[in-house]
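Undergrad: This is the structure I have questions about; it appears just below.
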Amino acid sequence: LSLTPIVEGKVGQWRELHSQLMGARRIEWAQSQRRRGVKRQVISLVDYGGAFLGAVFTEAEEPDRAMERLLASSDPFDLWLVGQLGEVLAEPLPVTTVVDTAPRPGPWRGWRR
């Protein structure tokens, strides 16, 4: 999970970006996610008393590496996406995972530590 403030006045641009990712650029975005090992992402807009945050849950083998791969990519779509994100997002807020209830591989399907 990552929480990132949206630059003041850029919420409309943030929404337009995600509209493009789910519309005209959906195939390119899906290809980018596959290259980076992303299996699923849930992107939410949080209104925190007039300040807006982008909340992103990423399901991947290595979620932290998925973002590193995006930032290091030379693919034209990835470069475009990084540029777009750079315009609308501020520095991410620190987030600590306390509990992850996803099942572990293997016969035991209980809670992770």
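Ordering of the structure tokens sets the chain letters (A, B, ...); residue numbers start at 1 within each chain; ligands are numbered from 1 in the order shown.
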If we count only C-alpha atoms, what is near Gly37 of chain A at a cut-off of 8 Å, once residues fewer than 3 positions away on the same chain are taken out, given as a PyMOL selection string?
TA: chain A and resi 33-34+60-62+66
Undergrad: As a VMD selection string, please: every residue in segment 3-110 of chain A that a backbone DSSP assignment puts in helix (DSSP H, G or I).
TA: chain A and resid 11 to 22 26 to 35 63 to 72 76 to 88
Undergrad: So, counting only C-alpha atoms, which residue among A:Thr96, A:Ser2, A:Ser73, A:Thr58 is closest to Arg35 of chain A?
TA: A:Ser73
Undergrad: Residues within 12 Å of Trp80 of chain A, please, as a list of chain:residue names. Count only C-alpha atoms; anything in the same chain fewer than 2 positions from it doesn't count.
TA: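 In the requested form, the answer reads A:Leu17, A:Gln20, A:Leu21, A:Arg25, A:Glu28, A:Trp29, A:Ser32, A:Leu70, A:Leu71, A:Ser73, A:Ser74, A:Asp75, A:Pro76, A:Phe77, A:Asp78, A:Val82, A:Gly83, A:Gln84, A:Leu85, A:Gly86, A:Glu87.
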Undergrad: Give me, please, the distance in Å between atom CA of Leu93 of chain A and atom CA of Gly9 of chain A, quoted to one decimal.
TA: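 It comes out at 18.8 Å.
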Undergrad: To one decimal place, how far is atom CA of Val38 of chain A from atom CA of Val7 of chain A in Å?
TA: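 Value for the atom CA of Val38 of chain A-atom CA of Val7 of chain A distance: 25.4 Å.
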Undergrad: As a ChimeraX atom specification, please: all residues of chain A that backbone DSSP puts in strand (DSSP E).
TA: /A:2-5,38-48,51-60
